[in-house]
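The structure file start_28.cif is reproduced below (mmCIF, C-alpha atoms).
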data_query
loop_
_atom_site.group_PDB
_atom_site.id
_atom_site.type_symbol
_atom_site.label_atom_id
_atom_site.label_comp_id
_atom_site.auth_asym_id
_atom_site.auth_seq_id
_atom_site.Cartn_x
_atom_site.Cartn_y
_atom_site.Cartn_z
ATOM 1 C CA MET A 1 7.067 64.027 -63.928
ATOM 2 C CA THR A 2 8.118 65.332 -60.523
ATOM 3 C CA PRO A 3 9.442 62.647 -58.188
ATOM 4 C CA THR A 4 10.978 63.835 -54.935
ATOM 5 C CA PRO A 5 14.751 63.497 -54.672
ATOM 6 C CA GLU A 6 14.837 60.443 -52.390
ATOM 7 C CA PRO A 7 12.799 57.396 -53.413
ATOM 8 C CA ALA A 8 11.191 55.494 -50.570
ATOM 9 C CA PRO A 9 12.217 51.907 -49.903
ATOM 10 C CA GLY A 10 9.720 49.351 -51.195
ATOM 11 C CA SER A 11 7.356 47.643 -48.802
ATOM 12 C CA GLU A 12 4.900 46.067 -51.188
ATOM 13 C CA ALA A 13 5.112 43.770 -54.157
ATOM 14 C CA THR A 14 3.373 44.232 -57.417
ATOM 15 C CA SER A 15 3.030 41.882 -60.234
ATOM 16 C CA GLY A 16 5.726 39.324 -60.557
ATOM 17 C CA SER A 17 6.659 35.931 -61.784
ATOM 18 C CA THR A 18 8.829 32.995 -60.920
ATOM 19 C CA PRO A 19 11.489 30.984 -62.582
ATOM 20 C CA GLY A 20 9.987 28.618 -65.004
ATOM 21 C CA SER A 21 9.913 27.433 -68.549
ATOM 22 C CA THR A 22 7.383 27.687 -71.302
ATOM 23 C CA SER A 23 7.708 24.154 -72.497
ATOM 24 C CA GLY A 24 7.528 20.811 -70.778
ATOM 25 C CA SER A 25 7.021 21.092 -67.053
ATOM 26 C CA THR A 26 6.566 24.613 -65.711
ATOM 27 C CA PRO A 27 8.034 25.374 -62.316
ATOM 28 C CA GLY A 28 5.052 26.866 -60.549
ATOM 29 C CA SER A 29 1.476 27.899 -60.878
ATOM 30 C CA THR A 30 -1.006 30.306 -59.322
ATOM 31 C CA PRO A 31 -4.610 31.146 -58.980
ATOM 32 C CA GLY A 32 -5.804 31.184 -62.481
ATOM 33 C CA SER A 33 -7.791 29.214 -64.917
ATOM 34 C CA GLU A 34 -7.233 25.712 -66.063
ATOM 35 C CA PRO A 35 -9.558 22.921 -67.187
ATOM 36 C CA THR A 36 -10.582 19.649 -65.673
ATOM 37 C CA ARG A 37 -13.578 17.666 -64.845
ATOM 38 C CA THR A 38 -12.828 17.485 -61.146
ATOM 39 C CA SER A 39 -12.333 20.023 -58.397
ATOM 40 C CA SER A 40 -10.047 17.857 -56.264
ATOM 41 C CA PRO A 41 -6.418 18.898 -55.613
ATOM 42 C CA ALA A 42 -3.817 17.879 -58.171
ATOM 43 C CA PRO A 43 -2.703 14.261 -57.736
ATOM 44 C CA GLY A 44 0.466 13.794 -55.730
ATOM 45 C CA ALA A 45 0.882 17.467 -54.930
ATOM 46 C CA GLY A 46 -0.003 17.227 -51.243
ATOM 47 C CA PRO A 47 -1.354 20.063 -49.124
ATOM 48 C CA ALA A 48 0.191 23.461 -49.683
ATOM 49 C CA PRO A 49 1.798 25.461 -46.876
ATOM 50 C CA GLU A 50 0.215 28.447 -45.191
ATOM 51 C CA LEU A 51 0.534 31.572 -47.343
ATOM 52 C CA HIS A 52 2.180 34.516 -45.603
ATOM 53 C CA PRO A 53 1.289 37.890 -47.164
ATOM 54 C CA ARG A 54 4.736 39.455 -46.769
ATOM 55 C CA ALA A 55 6.503 36.434 -48.250
ATOM 56 C CA ARG A 56 4.060 36.484 -51.146
ATOM 57 C CA ALA A 57 4.554 40.198 -51.693
ATOM 58 C CA ARG A 58 8.322 39.726 -51.826
ATOM 59 C CA SER A 59 8.198 36.631 -54.026
ATOM 60 C CA PHE A 60 7.954 38.393 -57.379
ATOM 61 C CA ASP A 61 11.479 39.773 -57.631
ATOM 62 C CA ARG A 62 13.116 36.443 -58.356
ATOM 63 C CA ALA A 63 10.554 35.685 -61.084
ATOM 64 C CA ALA A 64 10.381 38.969 -62.987
ATOM 65 C CA PRO A 65 11.291 37.519 -66.434
ATOM 66 C CA LEU A 66 8.593 34.838 -66.151
ATOM 67 C CA TYR A 67 6.067 37.444 -65.079
ATOM 68 C CA ALA A 68 6.958 39.745 -67.955
ATOM 69 C CA ALA A 69 6.773 36.948 -70.506
ATOM 70 C CA HIS A 70 3.478 35.342 -69.494
ATOM 71 C CA ARG A 71 1.199 37.624 -67.486
ATOM 72 C CA PRO A 72 -1.766 38.952 -69.476
ATOM 73 C CA GLY A 73 -2.131 42.590 -70.438
ATOM 74 C CA TYR A 74 -5.339 44.615 -70.165
ATOM 75 C CA PRO A 75 -8.148 45.280 -72.650
ATOM 76 C CA ALA A 76 -8.788 48.646 -74.292
ATOM 77 C CA GLY A 77 -12.164 48.708 -72.541
ATOM 78 C CA LEU A 78 -10.409 49.022 -69.198
ATOM 79 C CA PHE A 79 -8.763 52.286 -70.188
ATOM 80 C CA ASP A 80 -12.021 53.543 -71.695
ATOM 81 C CA ALA A 81 -13.645 52.928 -68.295
ATOM 82 C CA VAL A 82 -10.807 54.695 -66.455
ATOM 83 C CA GLU A 83 -11.247 57.761 -68.668
ATOM 84 C CA GLU A 84 -15.007 57.766 -68.144
ATOM 85 C CA LEU A 85 -14.852 57.394 -64.376
ATOM 86 C CA ALA A 86 -11.903 59.755 -63.910
ATOM 87 C CA GLY A 87 -13.663 62.373 -66.017
ATOM 88 C CA ARG A 88 -10.723 63.106 -68.308
ATOM 89 C CA PRO A 89 -8.781 61.529 -71.183
ATOM 90 C CA LEU A 90 -5.556 59.691 -70.546
ATOM 91 C CA ARG A 91 -3.858 61.564 -73.366
ATOM 92 C CA GLY A 92 -1.764 64.289 -71.773
ATOM 93 C CA ALA A 93 -2.638 63.236 -68.215
ATOM 94 C CA ARG A 94 0.138 63.079 -65.636
ATOM 95 C CA VAL A 95 -0.107 59.524 -64.289
ATOM 96 C CA ALA A 96 1.817 57.650 -61.591
ATOM 97 C CA ASP A 97 1.532 53.863 -62.027
ATOM 98 C CA VAL A 98 2.265 52.428 -58.579
ATOM 99 C CA GLY A 99 3.485 48.868 -58.156
ATOM 100 C CA ALA A 100 4.361 48.938 -61.824
ATOM 101 C CA GLY A 101 6.156 45.598 -61.785
ATOM 102 C CA THR A 102 7.610 44.812 -65.195
ATOM 103 C CA GLY A 103 5.684 47.657 -66.829
ATOM 104 C CA ILE A 104 2.654 45.899 -68.342
ATOM 105 C CA SER A 105 0.173 48.598 -67.367
ATOM 106 C CA THR A 106 2.704 51.443 -67.565
ATOM 107 C CA ALA A 107 3.405 50.726 -71.231
ATOM 108 C CA LEU A 108 -0.316 50.565 -72.053
ATOM 109 C CA LEU A 109 -0.953 53.878 -70.291
ATOM 110 C CA HIS A 110 1.921 55.400 -72.250
ATOM 111 C CA ALA A 111 0.426 54.042 -75.484
ATOM 112 C CA ARG A 112 -2.831 55.840 -74.641
ATOM 113 C CA GLY A 113 -0.917 59.120 -74.514
ATOM 114 C CA ALA A 114 -0.471 59.464 -70.752
ATOM 115 C CA ARG A 115 2.614 61.155 -69.344
ATOM 116 C CA VAL A 116 3.306 58.225 -67.060
ATOM 117 C CA LEU A 117 5.829 57.656 -64.289
ATOM 118 C CA ALA A 118 6.272 54.150 -62.848
ATOM 119 C CA VAL A 119 6.782 53.481 -59.134
ATOM 120 C CA GLU A 120 8.148 50.032 -58.204
ATOM 121 C CA PRO A 121 9.641 48.719 -54.925
ATOM 122 C CA GLY A 122 11.253 45.443 -56.032
ATOM 123 C CA ASP A 123 14.811 45.161 -57.341
ATOM 124 C CA GLY A 124 14.102 42.332 -59.772
ATOM 125 C CA MET A 125 10.905 43.834 -61.112
ATOM 126 C CA ALA A 126 12.523 47.247 -61.529
ATOM 127 C CA ALA A 127 15.443 45.697 -63.417
ATOM 128 C CA GLU A 128 13.060 43.904 -65.774
ATOM 129 C CA PHE A 129 11.074 47.118 -66.245
ATOM 130 C CA ARG A 130 14.183 49.058 -67.216
ATOM 131 C CA ARG A 131 15.258 46.314 -69.605
ATOM 132 C CA ALA A 132 11.893 46.203 -71.382
ATOM 133 C CA HIS A 133 10.986 49.902 -71.222
ATOM 134 C CA PRO A 134 14.159 52.009 -71.130
ATOM 135 C CA HIS A 135 12.247 55.009 -72.496
ATOM 136 C CA LEU A 136 9.780 55.136 -69.578
ATOM 137 C CA PRO A 137 10.684 56.862 -66.284
ATOM 138 C CA LEU A 138 10.813 54.744 -63.116
ATOM 139 C CA VAL A 139 11.376 55.622 -59.450
ATOM 140 C CA ARG A 140 11.728 53.213 -56.526
ATOM 141 C CA GLY A 141 9.058 53.251 -53.843
ATOM 142 C CA ASP A 142 5.673 51.921 -52.825
ATOM 143 C CA GLY A 143 2.147 53.124 -52.228
ATOM 144 C CA ASN A 144 2.536 53.442 -48.466
ATOM 145 C CA ARG A 145 5.225 56.115 -48.889
ATOM 146 C CA LEU A 146 5.243 57.523 -52.388
ATOM 147 C CA PRO A 147 8.493 59.159 -53.568
ATOM 148 C CA LEU A 148 6.455 61.801 -55.397
ATOM 149 C CA ALA A 149 5.835 65.518 -55.062
ATOM 150 C CA GLY A 150 2.476 66.686 -53.731
ATOM 151 C CA SER A 151 -0.401 67.748 -55.998
ATOM 152 C CA ALA A 152 1.574 66.696 -59.082
ATOM 153 C CA PHE A 153 -0.586 64.026 -60.749
ATOM 154 C CA ASP A 154 -3.953 63.763 -62.440
ATOM 155 C CA LEU A 155 -4.258 60.019 -61.942
ATOM 156 C CA LEU A 156 -2.761 57.401 -59.633
ATOM 157 C CA THR A 157 -3.075 53.795 -60.850
ATOM 158 C CA TYR A 158 -2.554 50.400 -59.235
ATOM 159 C CA ALA A 159 -2.622 47.411 -61.594
ATOM 160 C CA GLN A 160 -2.730 44.168 -59.598
ATOM 161 C CA ALA A 161 -0.989 46.010 -56.751
ATOM 162 C CA TRP A 162 -3.369 47.737 -54.325
ATOM 163 C CA HIS A 163 -3.788 44.590 -52.207
ATOM 164 C CA TRP A 164 -0.123 44.811 -51.188
ATOM 165 C CA THR A 165 -0.617 48.245 -49.593
ATOM 166 C CA ASP A 166 -1.865 49.361 -46.192
ATOM 167 C CA PRO A 167 -4.947 51.422 -47.160
ATOM 168 C CA ALA A 168 -4.657 53.491 -43.982
ATOM 169 C CA ARG A 169 -1.335 54.778 -45.324
ATOM 170 C CA ALA A 170 -1.867 54.491 -49.068
ATOM 171 C CA VAL A 171 -5.074 56.569 -49.228
ATOM 172 C CA PRO A 172 -3.541 59.654 -47.539
ATOM 173 C CA GLU A 173 -0.536 59.307 -49.849
ATOM 174 C CA ALA A 174 -2.860 59.207 -52.865
ATOM 175 C CA ARG A 175 -4.623 62.351 -51.666
ATOM 176 C CA ARG A 176 -1.266 64.051 -51.159
ATOM 177 C CA VAL A 177 0.142 63.442 -54.646
ATOM 178 C CA LEU A 178 -3.075 63.936 -56.638
ATOM 179 C CA ARG A 179 -4.171 67.314 -57.859
ATOM 180 C CA PRO A 180 -7.635 68.549 -56.787
ATOM 181 C CA GLY A 181 -10.118 66.614 -58.903
ATOM 182 C CA GLY A 182 -7.576 63.866 -59.613
ATOM 183 C CA ALA A 183 -8.488 60.198 -59.452
ATOM 184 C CA LEU A 184 -7.284 56.946 -57.912
ATOM 185 C CA ALA A 185 -7.800 53.860 -60.132
ATOM 186 C CA LEU A 186 -7.318 50.272 -58.947
ATOM 187 C CA TRP A 187 -7.721 47.256 -61.208
ATOM 188 C CA TRP A 188 -7.295 43.492 -61.322
ATOM 189 C CA ASN A 189 -7.461 40.711 -63.895
ATOM 190 C CA ASP A 190 -9.407 37.733 -62.523
ATOM 191 C CA PRO A 191 -10.127 34.380 -64.167
ATOM 192 C CA ASP A 192 -13.683 34.363 -65.514
ATOM 193 C CA THR A 193 -15.335 31.616 -63.484
ATOM 194 C CA ALA A 194 -18.471 31.830 -65.642
ATOM 195 C CA VAL A 195 -16.407 29.591 -67.965
ATOM 196 C CA ASP A 196 -16.714 25.973 -66.794
ATOM 197 C CA TRP A 197 -13.111 24.833 -67.188
ATOM 198 C CA ILE A 198 -11.850 27.955 -65.440
ATOM 199 C CA ALA A 199 -14.237 27.492 -62.518
ATOM 200 C CA GLU A 200 -13.039 23.896 -62.189
ATOM 201 C CA GLN A 201 -9.405 24.924 -62.240
ATOM 202 C CA GLU A 202 -10.001 27.584 -59.611
ATOM 203 C CA ALA A 203 -11.716 24.991 -57.409
ATOM 204 C CA ARG A 204 -8.706 22.694 -57.715
ATOM 205 C CA ILE A 205 -6.336 25.477 -56.727
ATOM 206 C CA ARG A 206 -8.476 26.394 -53.720
ATOM 207 C CA GLY A 207 -8.556 22.735 -52.731
ATOM 208 C CA PHE A 208 -4.787 22.465 -53.035
ATOM 209 C CA PHE A 209 -4.180 25.535 -50.875
ATOM 210 C CA ARG A 210 -7.115 24.716 -48.594
ATOM 211 C CA GLY A 211 -8.799 28.039 -49.179
ATOM 212 C CA ASP A 212 -8.907 31.131 -51.321
ATOM 213 C CA VAL A 213 -5.456 32.176 -52.558
ATOM 214 C CA THR A 214 -6.486 35.660 -53.695
ATOM 215 C CA PRO A 215 -5.096 38.352 -51.354
ATOM 216 C CA PRO A 216 -7.871 40.430 -49.741
ATOM 217 C CA ARG A 217 -8.830 43.564 -51.669
ATOM 218 C CA LEU A 218 -9.780 46.123 -49.082
ATOM 219 C CA LEU A 219 -11.307 49.205 -50.657
ATOM 220 C CA PRO A 220 -11.483 52.073 -48.190
ATOM 221 C CA ALA A 221 -14.864 53.607 -47.400
ATOM 222 C CA GLU A 222 -13.487 56.960 -48.509
ATOM 223 C CA PRO A 223 -13.039 58.175 -51.147
ATOM 224 C CA ALA A 224 -16.114 56.679 -52.804
ATOM 225 C CA PHE A 225 -15.276 54.229 -55.604
ATOM 226 C CA THR A 226 -17.257 53.393 -58.723
ATOM 227 C CA THR A 227 -16.709 49.944 -60.253
ATOM 228 C CA ARG A 228 -16.706 48.672 -63.827
ATOM 229 C CA ALA A 229 -16.043 45.156 -65.133
ATOM 230 C CA VAL A 230 -14.683 44.294 -68.586
ATOM 231 C CA ARG A 231 -14.672 40.747 -69.954
ATOM 232 C CA TRP A 232 -12.032 39.712 -72.454
ATOM 233 C CA SER A 233 -9.872 36.752 -73.455
ATOM 234 C CA ARG A 234 -6.598 35.767 -75.065
ATOM 235 C CA ARG A 235 -5.482 32.577 -76.866
ATOM 236 C CA ILE A 236 -2.075 31.209 -75.872
ATOM 237 C CA PRO A 237 -0.201 27.878 -75.928
ATOM 238 C CA LEU A 238 -0.958 25.475 -73.090
ATOM 239 C CA ASP A 239 2.595 25.743 -71.744
ATOM 240 C CA ALA A 240 2.297 29.529 -71.691
ATOM 241 C CA HIS A 241 -0.916 29.198 -69.702
ATOM 242 C CA LEU A 242 0.866 27.026 -67.153
ATOM 243 C CA ALA A 243 3.767 29.487 -66.987
ATOM 244 C CA ASN A 244 1.262 32.263 -66.325
ATOM 245 C CA LEU A 245 -0.123 30.263 -63.422
ATOM 246 C CA ALA A 246 3.420 29.754 -62.137
ATOM 247 C CA SER A 247 3.956 33.513 -61.914
ATOM 248 C CA HIS A 248 1.413 34.058 -59.136
ATOM 249 C CA SER A 249 2.587 34.591 -55.585
ATOM 250 C CA ALA A 250 0.856 31.565 -54.051
ATOM 251 C CA PHE A 251 2.960 29.235 -56.165
ATOM 252 C CA LEU A 252 6.072 31.387 -56.088
ATOM 253 C CA VAL A 253 6.371 30.768 -52.355
ATOM 254 C CA LEU A 254 5.502 27.075 -52.693
ATOM 255 C CA GLY A 255 8.798 25.986 -54.213
ATOM 256 C CA PRO A 256 9.705 24.608 -57.653
ATOM 257 C CA ASP A 257 9.288 20.890 -56.961
ATOM 258 C CA ARG A 258 5.767 21.014 -55.593
ATOM 259 C CA THR A 259 4.596 23.581 -58.119
ATOM 260 C CA ARG A 260 6.054 21.486 -60.942
ATOM 261 C CA ARG A 261 4.122 18.441 -59.749
ATOM 262 C CA PHE A 262 0.931 20.482 -59.551
ATOM 263 C CA LEU A 263 1.420 21.869 -63.065
ATOM 264 C CA ASP A 264 2.282 18.486 -64.526
ATOM 265 C CA ALA A 265 -1.019 17.173 -63.205
ATOM 266 C CA GLU A 266 -2.800 20.213 -64.630
ATOM 267 C CA ARG A 267 -1.178 19.689 -68.010
ATOM 268 C CA ALA A 268 -2.475 16.119 -68.098
ATOM 269 C CA LEU A 269 -5.992 17.349 -67.310
ATOM 270 C CA LEU A 270 -5.945 20.166 -69.851
ATOM 271 C CA ARG A 271 -4.591 18.350 -72.879
ATOM 272 C CA PRO A 272 -7.839 16.486 -73.632
ATOM 273 C CA LEU A 273 -9.785 19.750 -73.339
ATOM 274 C CA PHE A 274 -7.440 21.620 -75.697
ATOM 275 C CA PRO A 275 -6.208 19.003 -78.183
ATOM 276 C CA ASP A 276 -4.697 21.629 -80.476
ATOM 277 C CA GLY A 277 -2.512 22.876 -77.607
ATOM 278 C CA THR A 278 -4.091 26.343 -77.505
ATOM 279 C CA VAL A 279 -5.906 27.621 -74.424
ATOM 280 C CA GLU A 280 -8.357 30.506 -74.397
ATOM 281 C CA GLU A 281 -7.830 32.288 -71.098
ATOM 282 C CA CYS A 282 -10.941 34.303 -70.179
ATOM 283 C CA TYR A 283 -10.730 37.224 -67.774
ATOM 284 C CA VAL A 284 -12.861 39.749 -65.953
ATOM 285 C CA THR A 285 -10.935 42.972 -65.437
ATOM 286 C CA THR A 286 -12.467 44.897 -62.544
ATOM 287 C CA VAL A 287 -11.587 48.566 -62.100
ATOM 288 C CA ASP A 288 -12.467 50.792 -59.134
ATOM 289 C CA VAL A 289 -12.062 54.548 -59.596
ATOM 290 C CA ALA A 290 -12.480 57.330 -57.033
ATOM 291 C CA ARG A 291 -12.093 61.059 -57.591
ATOM 292 C CA VAL A 292 -10.406 62.900 -54.736
#
Can you turn what I pasted into structure tokens?
Amino acid sequence: MTPTPEPAPGSEATSGSTPGSTSGSTPGSTPGSEPTRTSSPAPGAGPAPELHPRARARSFDRAAPLYAAHRPGYPAGLFDAVEELAGRPLRGARVADVGAGTGISTALLHARGARVLAVEPGDGMAAEFRRAHPHLPLVRGDGNRLPLAGSAFDLLTYAQAWHWTDPARAVPEARRVLRPGGALALWWNDPDTAVDWIAEQEARIRGFFRGDVTPPRLLPAEPAFTTRAVRWSRRIPLDAHLANLASHSAFLVLGPDRTRRFLDAERALLRPLFPDGTVEECYVTTVDVARV
């Protein structure tokens, strides 16, 4: 890989997590999926504060271990779609994974044979990345000012990270570092609200925060993107599901006491739905790819 000598300071957050525990009461929760038979806010939690984008973007660093332990990965079908839409295999491709966080997507790209370089702005996330993936290269920076040489990459990827960029700056940077015919790929895991208990949980979270907690995803008009959606699921313990919720930015900025109360109420609602203590989290992974 060919990073430029001076990494740019980070100005966007990627995936992250917050202090918490995987048993008993989990410290926080986030937009995700959880079951109940009511869409009202969690009892006793009270209204949540206004969510400030910059505070949310910066919230992940202090929760990197929680994020690494409990955030979901990505299905093989996602990477099949990226290859199809980018018009080339990942094996041997020079890839920059921007907003790499703790390395969830970077490691999967590497496993597909990509020659991948991670770009991450946050101190805590970068430290967790290096701990978990010491064999993978990492530079510090963000999508608004990439610390990368021009025309050096076949693919630029953003896993759960594009919404923290300024597209007016990030798109020109993508064009600069991609080779002619290279591609920009953006993807997100979202709870599958076609599943009843997940839709109900999402409604409760929106009620608690008095609105949608998902940061806006602004795709630029140019270059032209093509979209694919891949449905998949994973089975995990109930406490791990709650810890996953706790790793999202909306709850990371809420504070441990209020998030704990919210999650305790969620646990009480979920136990009757999952008496064996195992939750099947269902996701829709949406990927948008543009060739430049």
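Here the PyMOL selection byres ((chain A and resi 68) around 10) matches the residues Ser15, Gly16, Ser17, Thr18, Ala63, Ala64, Pro65, Leu66, Tyr67, Ala69, His70, Arg71, Pro72, Gly73, Gly101, Thr102, Gly103, Ile104, Met125, Glu128, Phe129, Ala132, Asn244 and Ser247 of chain A.
Taking CA of Pro216 in chain A and CA of Ala168 in chain A as the two end points, the separation is 14.6 Å.
Each of A:Ile236, A:Ala127, A:Ala199, A:Leu78 was checked against Asp276 in chain A using only C-alpha atoms; the smallest atom-to-atom distance is that of A:Ile236.
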Any idea what's packed within 12 Å of Pro167 in chain A, counting only C-alpha atoms, ignoring anything in its chain fewer than 3 positions away? Could you give it as a PDB file with C-alpha atoms, in the frame of the given file?
ATOM      1  CA  GLU A  12       4.900  46.067 -51.188  1.00  0.00           C
ATOM      2  CA  GLY A 143       2.147  53.124 -52.228  1.00  0.00           C
ATOM      3  CA  ASN A 144       2.536  53.442 -48.466  1.00  0.00           C
ATOM      4  CA  ARG A 145       5.225  56.115 -48.889  1.00  0.00           C
ATOM      5  CA  ALA A 161      -0.989  46.010 -56.751  1.00  0.00           C
ATOM      6  CA  TRP A 162      -3.369  47.737 -54.325  1.00  0.00           C
ATOM      7  CA  HIS A 163      -3.788  44.590 -52.207  1.00  0.00           C
ATOM      8  CA  TRP A 164      -0.123  44.811 -51.188  1.00  0.00           C
ATOM      9  CA  ALA A 170      -1.867  54.491 -49.068  1.00  0.00           C
ATOM     10  CA  VAL A 171      -5.074  56.569 -49.228  1.00  0.00           C
ATOM     11  CA  PRO A 172      -3.541  59.654 -47.539  1.00  0.00           C
ATOM     12  CA  GLU A 173      -0.536  59.307 -49.849  1.00  0.00           C
ATOM     13  CA  ALA A 174      -2.860  59.207 -52.865  1.00  0.00           C
ATOM     14  CA  ARG A 175      -4.623  62.351 -51.666  1.00  0.00           C
ATOM     15  CA  PRO A 216      -7.871  40.430 -49.741  1.00  0.00           C
ATOM     16  CA  ARG A 217      -8.830  43.564 -51.669  1.00  0.00           C
ATOM     17  CA  LEU A 218      -9.780  46.123 -49.082  1.00  0.00           C
ATOM     18  CA  LEU A 219     -11.307  49.205 -50.657  1.00  0.00           C
ATOM     19  CA  PRO A 220     -11.483  52.073 -48.190  1.00  0.00           C
ATOM     20  CA  ALA A 221     -14.864  53.607 -47.400  1.00  0.00           C
ATOM     21  CA  GLU A 222     -13.487  56.960 -48.509  1.00  0.00           C
ATOM     22  CA  PRO A 223     -13.039  58.175 -51.147  1.00  0.00           C
TER      23      PRO A 223
END
Would you compute an axis-aligned box for range 284-289 of chain A, covering every atom listed for it in the file with 4 Å of margin on each side, and report centre and edge lengths in Å to one decimal as JSON?
{"center_x": -11.9, "center_y": 47.1, "center_z": -62.5, "size_x": 9.9, "size_y": 22.8, "size_z": 14.8}
Original post:
So which residues touch Arg291 in chain A within 10 Å, counting all atoms listed in the file, skipping near sequence neighbours fewer than 6 positions away, as a list in words?
Top reply: Leu85, Ala86, Gly87, Asp154, Leu155, Arg175, Leu178, Pro180, Gly181, Gly182, Ala183, Leu184, Ala185, Pro223, Ala224, Phe225 and Thr226 of chain A
Could you expand the PyMOL selection byres ((chain A and resi 190) around 10) into the explicit residues it covers here, written as an mmCIF file with C-alpha atoms, in the coordinates of the input?
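The result, stored in selection_35.cif:
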data_model
loop_
_atom_site.group_PDB
_atom_site.id
_atom_site.type_symbol
_atom_site.label_atom_id
_atom_site.label_comp_id
_atom_site.auth_asym_id
_atom_site.auth_seq_id
_atom_site.Cartn_x
_atom_site.Cartn_y
_atom_site.Cartn_z
ATOM 1 C CA PRO A 31 -4.610 31.146 -58.980
ATOM 2 C CA GLY A 32 -5.804 31.184 -62.481
ATOM 3 C CA SER A 33 -7.791 29.214 -64.917
ATOM 4 C CA GLN A 160 -2.730 44.168 -59.598
ATOM 5 C CA TRP A 187 -7.721 47.256 -61.208
ATOM 6 C CA TRP A 188 -7.295 43.492 -61.322
ATOM 7 C CA ASN A 189 -7.461 40.711 -63.895
ATOM 8 C CA PRO A 191 -10.127 34.380 -64.167
ATOM 9 C CA ASP A 192 -13.683 34.363 -65.514
ATOM 10 C CA THR A 193 -15.335 31.616 -63.484
ATOM 11 C CA THR A 214 -6.486 35.660 -53.695
ATOM 12 C CA ARG A 231 -14.672 40.747 -69.954
ATOM 13 C CA CYS A 282 -10.941 34.303 -70.179
ATOM 14 C CA TYR A 283 -10.730 37.224 -67.774
ATOM 15 C CA VAL A 284 -12.861 39.749 -65.953
ATOM 16 C CA THR A 285 -10.935 42.972 -65.437
ATOM 17 C CA THR A 286 -12.467 44.897 -62.544
#
Original post:
Looking at A:Phe274, A:Phe262, A:Tyr158, A:Phe208, which one is nearest to Ala100 in chain A, with distances taken over all atoms listed in the file?
Top reply: A:Tyr158
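Atom pair CA of Gly99 in chain A / CA of Val119 in chain A has a distance of 5.8 Å (rounded to one decimal).
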**OP:** Calculate how many Å separate CA of Leu90 in chain A from CA of Ser233 in chain A, rounding to one decimal.
**Re:** 23.5 Å
Subject >> Selection under test: the PyMOL selection byres ((chain A and resi 280) around 9); residues as JSON, numbers by chain >> reply: {"A": [233, 234, 235, 236, 237, 241, 278, 279, 281, 282]}
Requested file, range 217-228 of chain A restricted to N, CA and C atoms, as a PDB file, in the first residue's frame:
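File decode-v5.pdb, as written:
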ATOM      1  N   ARG A 217     -27.858   9.218   5.675  1.00  0.00           N
ATOM      2  CA  ARG A 217     -26.929   8.625   4.712  1.00  0.00           C
ATOM      3  C   ARG A 217     -27.099   9.355   3.390  1.00  0.00           C
ATOM      4  N   LEU A 218     -26.252  10.307   3.150  1.00  0.00           N
ATOM      5  CA  LEU A 218     -26.386  11.162   1.990  1.00  0.00           C
ATOM      6  C   LEU A 218     -25.481  10.661   0.875  1.00  0.00           C
ATOM      7  N   LEU A 219     -26.084   9.966  -0.094  1.00  0.00           N
ATOM      8  CA  LEU A 219     -25.319   9.531  -1.252  1.00  0.00           C
ATOM      9  C   LEU A 219     -25.255  10.681  -2.245  1.00  0.00           C
ATOM     10  N   PRO A 220     -24.073  10.998  -2.725  1.00  0.00           N
ATOM     11  CA  PRO A 220     -23.977  12.084  -3.707  1.00  0.00           C
ATOM     12  C   PRO A 220     -24.636  11.689  -5.025  1.00  0.00           C
ATOM     13  N   ALA A 221     -25.057  12.691  -5.785  1.00  0.00           N
ATOM     14  CA  ALA A 221     -25.652  12.424  -7.096  1.00  0.00           C
ATOM     15  C   ALA A 221     -24.626  11.834  -8.054  1.00  0.00           C
ATOM     16  N   GLU A 222     -23.397  12.218  -7.884  1.00  0.00           N
ATOM     17  CA  GLU A 222     -22.296  11.711  -8.710  1.00  0.00           C
ATOM     18  C   GLU A 222     -21.161  11.281  -7.793  1.00  0.00           C
ATOM     19  N   PRO A 223     -20.506  10.162  -8.086  1.00  0.00           N
ATOM     20  CA  PRO A 223     -20.785   9.237  -9.194  1.00  0.00           C
ATOM     21  C   PRO A 223     -22.082   8.465  -8.964  1.00  0.00           C
ATOM     22  N   ALA A 224     -22.549   7.789 -10.000  1.00  0.00           N
ATOM     23  CA  ALA A 224     -23.809   7.055  -9.922  1.00  0.00           C
ATOM     24  C   ALA A 224     -23.607   5.742  -9.183  1.00  0.00           C
ATOM     25  N   PHE A 225     -24.446   5.505  -8.158  1.00  0.00           N
ATOM     26  CA  PHE A 225     -24.334   4.296  -7.343  1.00  0.00           C
ATOM     27  C   PHE A 225     -25.373   3.261  -7.768  1.00  0.00           C
ATOM     28  N   THR A 226     -24.981   2.006  -7.637  1.00  0.00           N
ATOM     29  CA  THR A 226     -25.893   0.873  -7.787  1.00  0.00           C
ATOM     30  C   THR A 226     -25.998   0.187  -6.430  1.00  0.00           C
ATOM     31  N   THR A 227     -27.205  -0.217  -6.057  1.00  0.00           N
ATOM     32  CA  THR A 227     -27.468  -0.729  -4.705  1.00  0.00           C
ATOM     33  C   THR A 227     -27.845  -2.200  -4.740  1.00  0.00           C
ATOM     34  N   ARG A 228     -27.343  -2.936  -3.755  1.00  0.00           N
ATOM     35  CA  ARG A 228     -27.748  -4.320  -3.516  1.00  0.00           C
ATOM     36  C   ARG A 228     -28.079  -4.466  -2.027  1.00  0.00           C
TER      37      ARG A 228
END
